[in-house]
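Enquirer: TSV, C-alpha atoms, file data-v4.tsv:
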```
chain	number	residue	atom	x	y	z
A	1	MET	CA	-11.20	-12.77	9.15
A	2	GLY	CA	-13.70	-11.64	11.81
A	3	LEU	CA	-13.09	-7.96	11.02
A	4	THR	CA	-13.43	-8.61	7.30
A	5	GLN	CA	-16.71	-10.45	7.76
A	6	GLY	CA	-17.87	-7.66	10.04
A	7	VAL	CA	-17.56	-4.99	7.37
A	8	PHE	CA	-19.67	-7.04	4.95
A	9	SER	CA	-22.30	-7.62	7.64
A	10	LEU	CA	-22.31	-3.91	8.40
A	11	THR	CA	-22.67	-3.05	4.72
A	12	SER	CA	-25.64	-5.41	4.32
A	13	GLU	CA	-27.44	-3.96	7.33
A	14	LEU	CA	-26.98	-0.41	6.12
A	15	LEU	CA	-28.20	-1.32	2.65
A	16	GLU	CA	-31.37	-2.76	4.14
A	17	GLY	CA	-32.13	0.00	6.62
A	18	GLY	CA	-30.38	3.10	5.19
A	19	ASN	CA	-31.26	5.52	2.45
A	20	GLN	CA	-29.33	3.58	-0.23
A	21	THR	CA	-30.78	0.62	-2.10
A	22	SER	CA	-29.26	-2.60	-3.35
A	23	THR	CA	-29.67	-1.32	-6.93
A	24	PHE	CA	-27.80	1.95	-6.34
A	25	GLU	CA	-24.66	2.26	-8.45
A	26	PHE	CA	-21.82	4.72	-8.71
A	27	LEU	CA	-20.07	5.69	-11.93
A	28	LEU	CA	-16.28	5.91	-11.71
A	29	TRP	CA	-14.76	8.87	-13.57
A	30	GLY	CA	-11.91	6.61	-14.61
A	31	LEU	CA	-8.33	7.25	-15.59
A	32	SER	CA	-9.26	9.57	-18.46
A	33	ASP	CA	-12.38	10.88	-20.17
A	34	GLN	CA	-10.67	10.85	-23.58
A	35	ALA	CA	-12.05	7.98	-25.67
A	36	GLN	CA	-8.94	7.73	-27.84
A	37	GLN	CA	-6.76	7.10	-24.77
A	38	GLN	CA	-8.73	4.15	-23.41
A	39	HIS	CA	-6.96	1.43	-25.45
A	40	ILE	CA	-3.50	2.75	-24.55
A	41	LEU	CA	-4.46	3.07	-20.88
A	42	PHE	CA	-5.83	-0.48	-20.83
A	43	LEU	CA	-2.62	-1.96	-22.25
A	44	LEU	CA	-0.41	0.18	-20.01
A	45	PHE	CA	-2.25	-0.65	-16.78
A	46	LEU	CA	-2.61	-4.32	-17.72
A	47	TRP	CA	1.16	-4.51	-18.25
A	48	MET	CA	1.86	-2.73	-14.95
A	49	TYR	CA	-0.57	-4.96	-13.06
A	50	VAL	CA	0.88	-8.20	-14.47
A	51	VAL	CA	4.45	-7.06	-13.75
A	52	THR	CA	3.49	-5.93	-10.24
A	53	VAL	CA	1.83	-9.24	-9.34
A	54	ALA	CA	4.54	-11.37	-10.98
A	55	GLY	CA	7.42	-9.36	-9.48
A	56	ASN	CA	6.07	-9.29	-5.94
A	57	LEU	CA	5.04	-12.95	-6.12
A	58	LEU	CA	8.58	-13.81	-7.24
A	59	ILE	CA	9.97	-12.02	-4.17
A	60	VAL	CA	7.61	-13.93	-1.85
A	61	LEU	CA	8.52	-17.28	-3.42
A	62	ALA	CA	12.25	-16.51	-3.46
A	63	ILE	CA	12.25	-15.59	0.24
A	64	GLY	CA	9.99	-18.48	1.20
A	65	THR	CA	12.11	-21.10	-0.56
A	66	ASP	CA	15.56	-19.83	0.47
A	67	THR	CA	16.40	-20.49	4.12
A	68	HIS	CA	19.27	-17.98	3.94
A	69	LEU	CA	16.62	-15.26	3.68
A	70	HIS	CA	14.57	-16.40	6.67
A	71	THR	CA	15.49	-13.30	8.67
A	72	PRO	CA	13.34	-10.43	10.01
A	73	MET	CA	14.36	-8.08	7.18
A	74	TYR	CA	13.19	-10.48	4.48
A	75	PHE	CA	10.15	-11.54	6.48
A	76	PHE	CA	8.96	-7.92	6.40
A	77	LEU	CA	9.91	-7.62	2.73
A	78	ALA	CA	7.85	-10.71	1.87
A	79	SER	CA	4.95	-9.28	3.88
A	80	LEU	CA	5.24	-5.99	1.97
A	81	SER	CA	5.20	-7.83	-1.35
A	82	CYS	CA	2.07	-9.77	-0.36
A	83	ILE	CA	0.34	-6.55	0.71
A	84	ASP	CA	1.35	-4.83	-2.54
A	85	ILE	CA	-0.30	-7.62	-4.54
A	86	PHE	CA	-3.53	-7.27	-2.56
A	87	PHE	CA	-3.31	-3.46	-2.56
A	88	THR	CA	-3.06	-3.06	-6.32
A	89	SER	CA	-5.61	-5.86	-6.88
A	90	THR	CA	-8.32	-3.88	-5.06
A	91	THR	CA	-8.34	-1.15	-7.71
A	92	VAL	CA	-6.59	-2.04	-10.99
A	93	PRO	CA	-8.62	-5.12	-12.09
A	94	LYS	CA	-11.90	-3.21	-11.70
A	95	ALA	CA	-10.45	-0.26	-13.62
A	96	LEU	CA	-9.33	-2.60	-16.42
A	97	VAL	CA	-12.77	-4.24	-16.62
A	98	ASN	CA	-14.43	-0.83	-16.80
A	99	ILE	CA	-12.14	0.29	-19.61
A	100	GLN	CA	-12.58	-2.93	-21.58
A	101	THR	CA	-16.38	-3.08	-21.20
A	102	GLN	CA	-16.78	0.71	-21.53
A	103	SER	CA	-18.83	0.60	-18.35
A	104	ARG	CA	-17.89	2.74	-15.37
A	105	SER	CA	-20.42	1.38	-12.91
A	106	ILE	CA	-19.73	-0.09	-9.48
A	107	SER	CA	-22.42	-1.17	-7.04
A	108	TYR	CA	-22.88	0.59	-3.72
A	109	ALA	CA	-21.89	-2.55	-1.77
A	110	GLY	CA	-18.97	-3.14	-4.13
A	111	CYS	CA	-17.80	0.43	-3.61
A	112	LEU	CA	-17.84	0.08	0.18
A	113	ALA	CA	-16.04	-3.26	-0.01
A	114	GLN	CA	-13.39	-1.78	-2.32
A	115	LEU	CA	-12.97	1.18	0.03
A	116	TYR	CA	-12.52	-1.08	3.06
A	117	PHE	CA	-9.90	-3.33	1.49
A	118	PHE	CA	-8.12	-0.41	-0.18
A	119	LEU	CA	-7.75	1.38	3.16
A	120	THR	CA	-6.73	-1.81	4.96
A	121	PHE	CA	-3.95	-2.74	2.52
A	122	GLY	CA	-2.88	0.88	1.98
A	123	ASP	CA	-2.48	1.53	5.71
A	124	MET	CA	-0.72	-1.83	6.07
A	125	ASP	CA	1.79	-0.66	3.45
A	126	ILE	CA	2.47	2.44	5.56
A	127	PHE	CA	2.95	0.48	8.79
A	128	LEU	CA	5.21	-2.10	7.13
A	129	LEU	CA	7.46	0.62	5.72
A	130	ALA	CA	7.79	2.01	9.27
A	131	VAL	CA	8.50	-1.45	10.70
A	132	MET	CA	11.13	-2.07	8.00
A	133	ALA	CA	12.80	1.24	8.87
A	134	TYR	CA	12.89	0.21	12.56
A	135	ASP	CA	14.33	-3.17	11.56
A	136	ARG	CA	17.15	-1.47	9.61
A	137	TYR	CA	17.79	0.90	12.52
A	138	VAL	CA	18.21	-2.01	14.94
A	139	ALA	CA	20.39	-3.96	12.47
A	140	ILE	CA	22.77	-1.05	11.85
A	141	CYS	CA	22.77	0.77	15.20
A	142	HIS	CA	22.47	-2.25	17.52
A	143	PRO	CA	23.87	-5.19	15.53
A	144	LEU	CA	24.94	-7.24	18.57
A	145	HIS	CA	21.40	-7.22	19.97
A	146	TYR	CA	19.61	-7.52	16.63
A	147	MET	CA	18.43	-11.14	16.84
A	148	MET	CA	17.29	-10.65	20.44
A	149	ILE	CA	15.34	-7.43	19.70
A	150	MET	CA	13.90	-8.60	16.35
A	151	SER	CA	12.97	-12.10	17.49
A	152	LEU	CA	10.47	-14.23	15.60
A	153	HIS	CA	7.87	-13.60	18.31
A	154	ARG	CA	8.34	-9.82	18.17
A	155	CYS	CA	8.12	-9.81	14.35
A	156	ALA	CA	4.85	-11.76	14.51
A	157	VAL	CA	3.47	-9.38	17.16
A	158	LEU	CA	4.39	-6.33	15.07
A	159	VAL	CA	2.68	-7.65	11.94
A	160	THR	CA	-0.40	-8.79	13.89
A	161	ALA	CA	-0.69	-5.38	15.56
A	162	CYS	CA	-0.43	-3.67	12.18
A	163	TRP	CA	-3.21	-5.87	10.74
A	164	THR	CA	-5.47	-5.15	13.71
A	165	LEU	CA	-4.96	-1.38	13.60
A	166	THR	CA	-5.42	-1.11	9.84
A	167	SER	CA	-8.61	-3.18	9.92
A	168	LEU	CA	-10.10	-1.01	12.68
A	169	VAL	CA	-9.18	2.23	10.90
A	170	ALA	CA	-10.59	0.97	7.60
A	171	MET	CA	-13.82	-0.19	9.26
A	172	THR	CA	-14.26	3.19	10.96
A	173	HIS	CA	-13.93	5.10	7.68
A	174	THR	CA	-16.17	2.64	5.83
A	175	PHE	CA	-18.88	2.92	8.48
A	176	LEU	CA	-18.85	6.73	8.35
A	177	ILE	CA	-19.01	6.76	4.54
A	178	SER	CA	-21.95	4.31	4.61
A	179	ARG	CA	-23.93	6.83	6.70
A	180	LEU	CA	-23.80	9.46	3.94
A	181	SER	CA	-26.35	10.20	1.24
A	182	PHE	CA	-25.13	10.84	-2.28
A	183	CYS	CA	-26.56	13.40	-4.67
A	184	SER	CA	-24.19	12.52	-7.52
A	185	LYS	CA	-23.39	9.07	-8.85
A	186	ILE	CA	-20.14	10.10	-10.56
A	187	ILE	CA	-17.05	9.49	-8.41
A	188	PRO	CA	-14.14	11.68	-9.61
A	189	ASP	CA	-11.54	8.88	-9.47
A	190	PHE	CA	-10.92	5.41	-10.91
A	191	PHE	CA	-11.78	3.68	-7.62
A	192	CYS	CA	-13.80	4.34	-4.46
A	193	ASP	CA	-11.77	6.47	-2.06
A	194	LEU	CA	-12.61	8.70	0.90
A	195	GLY	CA	-12.04	12.10	-0.68
A	196	PRO	CA	-13.97	11.50	-3.93
A	197	LEU	CA	-16.88	9.89	-2.06
A	198	MET	CA	-17.16	12.83	0.33
A	199	LYS	CA	-17.12	15.24	-2.62
A	200	VAL	CA	-20.23	13.67	-4.18
A	201	SER	CA	-22.15	13.41	-0.90
A	202	CYS	CA	-25.01	15.79	-0.15
A	203	SER	CA	-24.83	14.97	3.57
A	204	ASP	CA	-22.84	16.87	6.16
A	205	THR	CA	-19.31	15.41	5.92
A	206	GLN	CA	-17.80	17.39	8.79
A	207	VAL	CA	-17.48	14.32	11.01
A	208	ASN	CA	-15.93	12.33	8.15
A	209	GLU	CA	-13.44	15.13	7.48
A	210	LEU	CA	-12.46	15.43	11.15
A	211	VAL	CA	-11.98	11.67	11.49
A	212	LEU	CA	-9.98	11.61	8.25
A	213	LEU	CA	-7.79	14.45	9.52
A	214	PHE	CA	-7.24	12.77	12.90
A	215	LEU	CA	-6.90	9.12	11.84
A	216	GLY	CA	-5.26	9.99	8.51
A	217	GLY	CA	-2.76	12.26	10.20
A	218	THR	CA	-2.05	9.59	12.82
A	219	VAL	CA	-1.74	6.69	10.37
A	220	ILE	CA	0.35	8.64	7.85
A	221	LEU	CA	2.42	11.16	9.79
A	222	ILE	CA	3.43	9.11	12.86
A	223	PRO	CA	4.92	6.24	10.78
A	224	PHE	CA	6.49	8.84	8.48
A	225	MET	CA	8.14	10.59	11.42
A	226	LEU	CA	9.31	7.24	12.85
A	227	ILE	CA	10.87	6.43	9.47
A	228	LEU	CA	12.64	9.81	9.35
A	229	VAL	CA	13.98	9.42	12.90
A	230	SER	CA	15.15	5.86	12.15
A	231	TYR	CA	17.03	6.95	9.05
A	232	ILE	CA	18.58	9.99	10.72
A	233	ARG	CA	19.99	7.63	13.35
A	234	ILE	CA	21.03	5.16	10.63
A	235	VAL	CA	22.86	7.81	8.57
A	236	SER	CA	24.59	9.06	11.70
A	237	ALA	CA	25.76	5.52	12.54
A	238	ILE	CA	26.88	4.87	8.95
A	239	LEU	CA	28.98	8.04	8.84
A	240	ARG	CA	30.82	6.87	11.96
A	241	ALA	CA	31.64	3.48	10.40
A	242	PRO	CA	35.41	3.07	9.75
A	243	SER	CA	34.99	0.90	6.65
A	244	ALA	CA	34.23	2.68	3.37
A	245	GLN	CA	32.92	-0.58	1.89
A	246	GLY	CA	30.59	-1.05	4.87
A	247	ARG	CA	29.29	2.50	4.44
A	248	ARG	CA	28.58	1.89	0.75
A	249	LYS	CA	26.74	-1.37	1.48
A	250	ALA	CA	24.63	0.21	4.22
A	251	PHE	CA	23.76	3.26	2.10
A	252	SER	CA	22.83	0.97	-0.79
A	253	THR	CA	20.47	-1.09	1.35
A	254	CYS	CA	18.82	1.93	2.97
A	255	GLY	CA	18.81	4.05	-0.18
A	256	SER	CA	16.45	1.70	-1.99
A	257	HIS	CA	14.08	1.77	0.98
A	258	LEU	CA	14.14	5.59	1.03
A	259	VAL	CA	13.20	5.75	-2.66
A	260	VAL	CA	10.00	3.80	-1.93
A	261	VAL	CA	9.29	5.86	1.19
A	262	ALA	CA	9.70	9.20	-0.60
A	263	LEU	CA	7.52	8.21	-3.55
A	264	PHE	CA	4.81	6.54	-1.48
A	265	PHE	CA	4.49	9.06	1.35
A	266	GLY	CA	4.86	12.07	-0.94
A	267	THR	CA	1.82	11.09	-3.01
A	268	VAL	CA	-0.20	9.79	-0.04
A	269	ILE	CA	0.27	13.05	1.90
A	270	ARG	CA	-0.69	14.97	-1.26
A	271	ALA	CA	-3.86	12.91	-1.63
A	272	TYR	CA	-5.12	12.78	1.97
A	273	LEU	CA	-3.68	15.68	3.92
A	274	CYS	CA	-3.69	18.43	1.26
A	275	PRO	CA	-7.28	19.41	0.37
A	276	SER	CA	-8.07	20.00	-3.30
A	277	SER	CA	-10.88	21.68	-5.19
A	278	SER	CA	-13.39	20.06	-7.53
A	279	SER	CA	-11.95	21.58	-10.71
A	280	SER	CA	-11.03	19.32	-13.60
A	281	ASN	CA	-7.32	20.08	-13.18
A	282	SER	CA	-7.51	19.14	-9.51
A	283	VAL	CA	-9.31	15.88	-10.34
A	284	GLU	CA	-6.60	14.99	-12.83
A	285	GLU	CA	-3.88	15.81	-10.28
A	286	ASP	CA	-5.61	13.69	-7.63
A	287	THR	CA	-5.92	10.80	-10.10
A	288	ALA	CA	-2.24	11.09	-11.03
A	289	ALA	CA	-1.27	11.02	-7.33
A	290	ALA	CA	-3.52	8.00	-6.76
A	291	VAL	CA	-1.88	6.15	-9.66
A	292	MET	CA	1.53	6.79	-8.11
A	293	TYR	CA	0.79	5.20	-4.74
A	294	THR	CA	-1.66	2.50	-5.89
A	295	VAL	CA	0.11	1.29	-9.04
A	296	VAL	CA	3.61	2.72	-9.54
A	297	THR	CA	5.00	2.12	-6.03
A	298	PRO	CA	3.93	-1.58	-5.88
A	299	LEU	CA	5.38	-1.94	-9.39
A	300	LEU	CA	8.77	-0.49	-8.37
A	301	ASN	CA	9.21	-2.47	-5.14
A	302	PRO	CA	10.34	-5.75	-6.76
A	303	PHE	CA	12.89	-3.97	-8.96
A	304	ILE	CA	14.27	-1.79	-6.18
A	305	TYR	CA	14.62	-4.57	-3.62
A	306	SER	CA	15.80	-7.25	-6.06
A	307	LEU	CA	18.18	-5.36	-8.31
A	308	ARG	CA	19.92	-3.53	-5.46
A	309	ASN	CA	20.27	-6.53	-3.16
A	310	LYS	CA	22.79	-9.28	-3.92
A	311	ASP	CA	21.12	-11.85	-1.66
A	312	MET	CA	17.71	-11.25	-3.27
A	313	LYS	CA	19.18	-11.45	-6.78
A	314	ALA	CA	20.89	-14.75	-5.94
A	315	ALA	CA	17.67	-16.16	-4.42
A	316	VAL	CA	15.60	-15.13	-7.45
A	317	VAL	CA	18.14	-16.70	-9.81
A	318	ARG	CA	18.11	-19.94	-7.80
A	319	LEU	CA	14.30	-19.95	-7.82
A	320	LEU	CA	14.12	-19.42	-11.57
A	321	LYS	CA	16.67	-22.17	-12.14
A	322	GLY	CA	14.79	-24.50	-9.79
A	323	ARG	CA	17.62	-24.66	-7.26
A	324	VAL	CA	15.87	-23.74	-4.03
A	325	SER	CA	17.16	-24.43	-0.52
A	326	PHE	CA	14.55	-25.66	1.93
A	327	SER	CA	17.00	-26.70	4.60
A	328	GLN	CA	20.02	-25.14	6.24
A	329	GLY	CA	22.19	-27.95	5.01
A	330	GLN	CA	21.76	-27.17	1.34
```
Have the structure of the file written as C-alpha cells, please.
Expert:
Amino acid sequence: MGLTQGVFSLTSELLEGGNQTSTFEFLLWGLSDQAQQQHILFLLFLWMYVVTVAGNLLIVLAIGTDTHLHTPMYFFLASLSCIDIFFTSTTVPKALVNIQTQSRSISYAGCLAQLYFFLTFGDMDIFLLAVMAYDRYVAICHPLHYMMIMSLHRCAVLVTACWTLTSLVAMTHTFLISRLSFCSKIIPDFFCDLGPLMKVSCSDTQVNELVLLFLGGTVILIPFMLILVSYIRIVSAILRAPSAQGRRKAFSTCGSHLVVVALFFGTVIRAYLCPSSSSSNSVEEDTAAAVMYTVVTPLLNPFIYSLRNKDMKAAVVRLLKGRVSFSQGQ
C-alpha cells in the first residue's frame, strides 16, 4: 500500500510544480474510429469483461473453498486469477464508459494512475507465469522434494518479491512519463500506455526509451527465458516417464499453461520490444496486440485452467452446487 500511495503523492506533486495542470486532459483514440462499430464493440467488450471477472472470480472462490486445492500450484493459479481481474479492470471499464458516453477524455492524473496500475498488474502477470512454470518444473522433475522446495513460506516470499519488483518498475516508468511535456492530447490507444504516451510527447524521450528497453527487456525476456528453460526440462522429464498415461496427464497440465504463455508473451513482446511507426495501420496493429494481452488472455485463463483440469472442474462444480469443503475431514 505504501508504494501505491507513493505514486499518487508523486503525481500530485508533479501536477502542482510541473508543466501540466490539473485541468489537462488526454483524448484516447479508442478501439475504433468508426462510429458504426461503437455499439458492437461496447457489447463485445462488456461481455468479455463480465466473463473475465466472473470466470476468474469463480476460480479464486473454488480454490479458496476447497481444501484439496490448497497446494502451491493452485495458490499461484488463484493469485493469477486475482491479478487478471485487476489487470483487465484497469483498462476495460474506462474504455466502455468512453464508448457509451461518446467521450474519449481521461484526466492527466487519471492517465498516470491507470499507467501505474496497468504496469504493476501486467508485470505481475508475467512474473506469476514464470513462477508457475518453476512450480511445474519442481513438481515433475523433483516430485519427492516438491513440498520441501515449494513450502508455504517460499510461495509467500516469491509472491511478495514479485509484488515489490513490479511496483518499483511501474513507479519508475510512471515517474519518467510524468516528466514529459505533451504537444498532442490524442493518445493512439484505448488506454494510457508507455509507447503511445511517448509518441505524443514533444520532450526528449531518449531516457524513457532506454529505461523501457532495459527494464522492459529484463521484466519480459528473463521470465520468458526461465519459462522456456523450465518447460524444456519438463518435456525432457516427461519423455523419460515409463507410463503413457502419466505422460498424457503431464502434457495436458503443461500444455494449457503453454497456450497462455505463447499468447501473452507473443503479444507483449510485439507491443513493447518491437518498435512501430505512427501510421494508421501500425496504430491498429498495436491496438489489436494490446487487446490480446489485456482482454483476451485474462478471458481465456479460466476456461483453459478449468476445462483442462479435473480437480478444478470438480471444485467449480462443488462450489456451484454449494458443496464446499472447508476442512480436511470433509
Enquirer: I'd like to know which of A:Val53, A:Ile222, A:Leu228, A:Ala113 is closest to Ile177 of chain A, using only C-alpha atoms.
Expert: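 Of A:Val53, A:Ile222, A:Leu228, A:Ala113, the one nearest Ile177 of chain A, counting only C-alpha atoms, is A:Ala113.
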Enquirer: Interatomic distance between atom CA of Val211 of chain A and atom CA of His173 of chain A?
Expert: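 Straight-line distance from atom CA of Val211 of chain A to atom CA of His173 of chain A works out to 7.8 Å.
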Enquirer: Would you list the residues near (23.7, -0.7, 16.2) (no more than 12 Å away, in the coordinates of the file, using only C-alpha atoms) as a ChimeraX atom specification?
Expert: /A:134-147,149,230,233-238,240-241
Enquirer: Please measure the separation of atom CA of Pro72 of chain A and atom CA of His257 of chain A, giving the value in Å to one decimal.
Expert: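 So the two atoms, atom CA of Pro72 of chain A and atom CA of His257 of chain A, lie 15.2 Å apart.
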Enquirer: Go through A:Tyr49, A:Tyr108, A:Phe117, A:Phe214 and flag the residue nearest Leu180 of chain A, using all atoms listed in the file for the distances.
Expert: A:Tyr108
Enquirer: Can you work out the spacing between atom CA of Met225 of chain A and atom CA of Ala289 of chain A in Å, to one decimal?
Expert: 21.0 Å
Enquirer: Using 12 Å as the limit and counting all atoms listed in the file, can you tabulate each residue of segment 177-211 of chain A that touches segment 293-301 of chain A, with its shortest atom-to-atom distance in Å and the two atoms involved, as a tab-separated table?
Expert:
```
residue	atom	partner	partner_atom	distance
A:Phe190	CA	A:Thr294	CA	10.9
A:Phe191	CA	A:Thr294	CA	10.3
A:Asp193	CA	A:Thr294	CA	11.5
```
Enquirer: Distance cut-off 10 Å, centre (10.9, 0.8, 1.4) in file coordinates, counting only C-alpha atoms: which residues qualify? Return them as a JSON list (two decimals) with C-alpha atoms, keeping the file's coordinate frame.
Expert:
```
[["chain", "number", "residue", "atom", "x", "y", "z"],
["A", 77, "LEU", "CA", 9.91, -7.62, 2.73],
["A", 80, "LEU", "CA", 5.24, -5.99, 1.97],
["A", 125, "ASP", "CA", 1.79, -0.66, 3.45],
["A", 126, "ILE", "CA", 2.47, 2.44, 5.56],
["A", 128, "LEU", "CA", 5.21, -2.10, 7.13],
["A", 129, "LEU", "CA", 7.46, 0.62, 5.72],
["A", 130, "ALA", "CA", 7.79, 2.01, 9.27],
["A", 131, "VAL", "CA", 8.50, -1.45, 10.70],
["A", 132, "MET", "CA", 11.13, -2.07, 8.00],
["A", 133, "ALA", "CA", 12.80, 1.24, 8.87],
["A", 227, "ILE", "CA", 10.87, 6.43, 9.47],
["A", 253, "THR", "CA", 20.47, -1.09, 1.35],
["A", 254, "CYS", "CA", 18.82, 1.93, 2.97],
["A", 255, "GLY", "CA", 18.81, 4.05, -0.18],
["A", 256, "SER", "CA", 16.45, 1.70, -1.99],
["A", 257, "HIS", "CA", 14.08, 1.77, 0.98],
["A", 258, "LEU", "CA", 14.14, 5.59, 1.03],
["A", 259, "VAL", "CA", 13.20, 5.75, -2.66],
["A", 260, "VAL", "CA", 10.00, 3.80, -1.93],
["A", 261, "VAL", "CA", 9.29, 5.86, 1.19],
["A", 262, "ALA", "CA", 9.70, 9.20, -0.60],
["A", 263, "LEU", "CA", 7.52, 8.21, -3.55],
["A", 264, "PHE", "CA", 4.81, 6.54, -1.48],
["A", 297, "THR", "CA", 5.00, 2.12, -6.03],
["A", 301, "ASN", "CA", 9.21, -2.47, -5.14],
["A", 304, "ILE", "CA", 14.27, -1.79, -6.18],
["A", 305, "TYR", "CA", 14.62, -4.57, -3.62]]
```
Enquirer: With distances taken over only C-alpha atoms, which of A:Ala54, A:Thr91, A:Phe26, A:Gln102 is nearest to Phe121 of chain A?
Expert: A:Thr91
Enquirer: So which residues touch Met124 of chain A within 10 Å, counting all atoms listed in the file, skipping near sequence neighbours fewer than 2 positions away, as a tab-separated table (two decimals) with C-alpha atoms, in the frame of the given file?
Expert:
```
chain	number	residue	atom	x	y	z
A	79	SER	CA	4.95	-9.28	3.88
A	80	LEU	CA	5.24	-5.99	1.97
A	83	ILE	CA	0.34	-6.55	0.71
A	84	ASP	CA	1.35	-4.83	-2.54
A	87	PHE	CA	-3.31	-3.46	-2.56
A	118	PHE	CA	-8.12	-0.41	-0.18
A	119	LEU	CA	-7.75	1.38	3.16
A	120	THR	CA	-6.73	-1.81	4.96
A	121	PHE	CA	-3.95	-2.74	2.52
A	122	GLY	CA	-2.88	0.88	1.98
A	126	ILE	CA	2.47	2.44	5.56
A	127	PHE	CA	2.95	0.48	8.79
A	128	LEU	CA	5.21	-2.10	7.13
A	129	LEU	CA	7.46	0.62	5.72
A	130	ALA	CA	7.79	2.01	9.27
A	159	VAL	CA	2.68	-7.65	11.94
A	162	CYS	CA	-0.43	-3.67	12.18
A	163	TRP	CA	-3.21	-5.87	10.74
A	164	THR	CA	-5.47	-5.15	13.71
A	165	LEU	CA	-4.96	-1.38	13.60
A	166	THR	CA	-5.42	-1.11	9.84
A	167	SER	CA	-8.61	-3.18	9.92
A	219	VAL	CA	-1.74	6.69	10.37
```
Enquirer: Give me the residues near Leu27 of chain A as an MDAnalysis selection string, where near means some atom within 12 Å (using all atoms listed in the file) and where sequence neighbours in that chain fewer than 6 positions away do not count.
Expert: chainID A and resid 95 98 102:108 110:111 184:192 196:197 200
Enquirer: Show which residues sit within 6 Å of Pro302 of chain A, as an MDAnalysis selection string. Count all atoms listed in the file, and ignore same-chain residues fewer than 4 positions away.
Expert: chainID A and resid 55:56 306
Enquirer: Of the candidates A:Gly30, A:Thr174, A:Ala156, A:Gly64, which one gets nearest to Gln100 of chain A if we count all atoms listed in the file?
Expert: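 Between A:Gly30, A:Thr174, A:Ala156, A:Gly64, the residue approaching Gln100 of chain A most closely is A:Gly30.
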Enquirer: Check the smallest atom-to-atom distance from each of A:Val283, A:Phe265, A:Pro242, A:Asp123 to Lys199 of chain A using only C-alpha atoms, then report the winner.
Expert: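 Of all the options, A:Val283 lies closest to Lys199 of chain A.
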Enquirer: Show me, as a list of chain:residue names, the residues that have an atom within 9 Å of Leu31 of chain A when counting only C-alpha atoms, minus same-chain residues fewer than 5 positions from it.
Expert: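 Here the qualifying residues turn out to be A:Gln38, A:Leu41, A:Ala95, A:Ile99, A:Asp189, A:Phe190, A:Glu284, A:Thr287, A:Ala288, A:Val291.
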Enquirer: Let me have the centre and edge lengths of the axis-aligned box enclosing all listed atoms of segment 42-50 of chain A with 3 Å padding on every side, in Å to one decimal, as AutoDock Vina command-line options.
Expert:
```
--center_x -2.0 --center_y -4.0 --center_z -17.7 --size_x 13.7 --size_y 14.4 --size_z 15.2
```
Enquirer: Could I get segment 57-70 of chain A rebuilt with N, CA and C atoms, written as an mmCIF file, in the coordinates of the input?
Expert:
```
data_model
loop_
_atom_site.group_PDB
_atom_site.id
_atom_site.type_symbol
_atom_site.label_atom_id
_atom_site.label_comp_id
_atom_site.auth_asym_id
_atom_site.auth_seq_id
_atom_site.Cartn_x
_atom_site.Cartn_y
_atom_site.Cartn_z
ATOM 1 N N LEU A 57 5.193 -11.527 -6.396
ATOM 2 C CA LEU A 57 5.040 -12.950 -6.120
ATOM 3 C C LEU A 57 6.388 -13.666 -6.195
ATOM 4 N N LEU A 58 7.232 -13.235 -7.117
ATOM 5 C CA LEU A 58 8.580 -13.810 -7.240
ATOM 6 C C LEU A 58 9.390 -13.550 -5.978
ATOM 7 N N ILE A 59 9.262 -12.346 -5.410
ATOM 8 C CA ILE A 59 9.970 -12.020 -4.170
ATOM 9 C C ILE A 59 9.489 -12.920 -3.028
ATOM 10 N N VAL A 60 8.167 -13.084 -2.912
ATOM 11 C CA VAL A 60 7.610 -13.930 -1.850
ATOM 12 C C VAL A 60 8.104 -15.358 -1.981
ATOM 13 N N LEU A 61 8.071 -15.898 -3.198
ATOM 14 C CA LEU A 61 8.520 -17.280 -3.420
ATOM 15 C C LEU A 61 10.015 -17.427 -3.189
ATOM 16 N N ALA A 62 10.798 -16.442 -3.639
ATOM 17 C CA ALA A 62 12.250 -16.510 -3.460
ATOM 18 C C ALA A 62 12.612 -16.499 -1.984
ATOM 19 N N ILE A 63 11.966 -15.654 -1.204
ATOM 20 C CA ILE A 63 12.250 -15.590 0.240
ATOM 21 C C ILE A 63 11.741 -16.838 0.945
ATOM 22 N N GLY A 64 10.565 -17.310 0.551
ATOM 23 C CA GLY A 64 9.990 -18.480 1.200
ATOM 24 C C GLY A 64 10.760 -19.761 0.959
ATOM 25 N N THR A 65 11.414 -19.868 -0.198
ATOM 26 C CA THR A 65 12.110 -21.100 -0.560
ATOM 27 C C THR A 65 13.607 -21.071 -0.286
ATOM 28 N N ASP A 66 14.119 -19.949 0.191
ATOM 29 C CA ASP A 66 15.560 -19.830 0.470
ATOM 30 C C ASP A 66 15.748 -19.595 1.968
ATOM 31 N N THR A 67 16.253 -20.587 2.661
ATOM 32 C CA THR A 67 16.400 -20.490 4.120
ATOM 33 C C THR A 67 17.417 -19.413 4.528
ATOM 34 N N HIS A 68 18.320 -19.041 3.624
ATOM 35 C CA HIS A 68 19.270 -17.980 3.940
ATOM 36 C C HIS A 68 18.573 -16.634 4.125
ATOM 37 N N LEU A 69 17.364 -16.514 3.601
ATOM 38 C CA LEU A 69 16.620 -15.260 3.680
ATOM 39 C C LEU A 69 15.536 -15.303 4.750
ATOM 40 N N HIS A 70 15.561 -16.311 5.597
ATOM 41 C CA HIS A 70 14.570 -16.400 6.670
ATOM 42 C C HIS A 70 15.036 -15.576 7.866
#
```
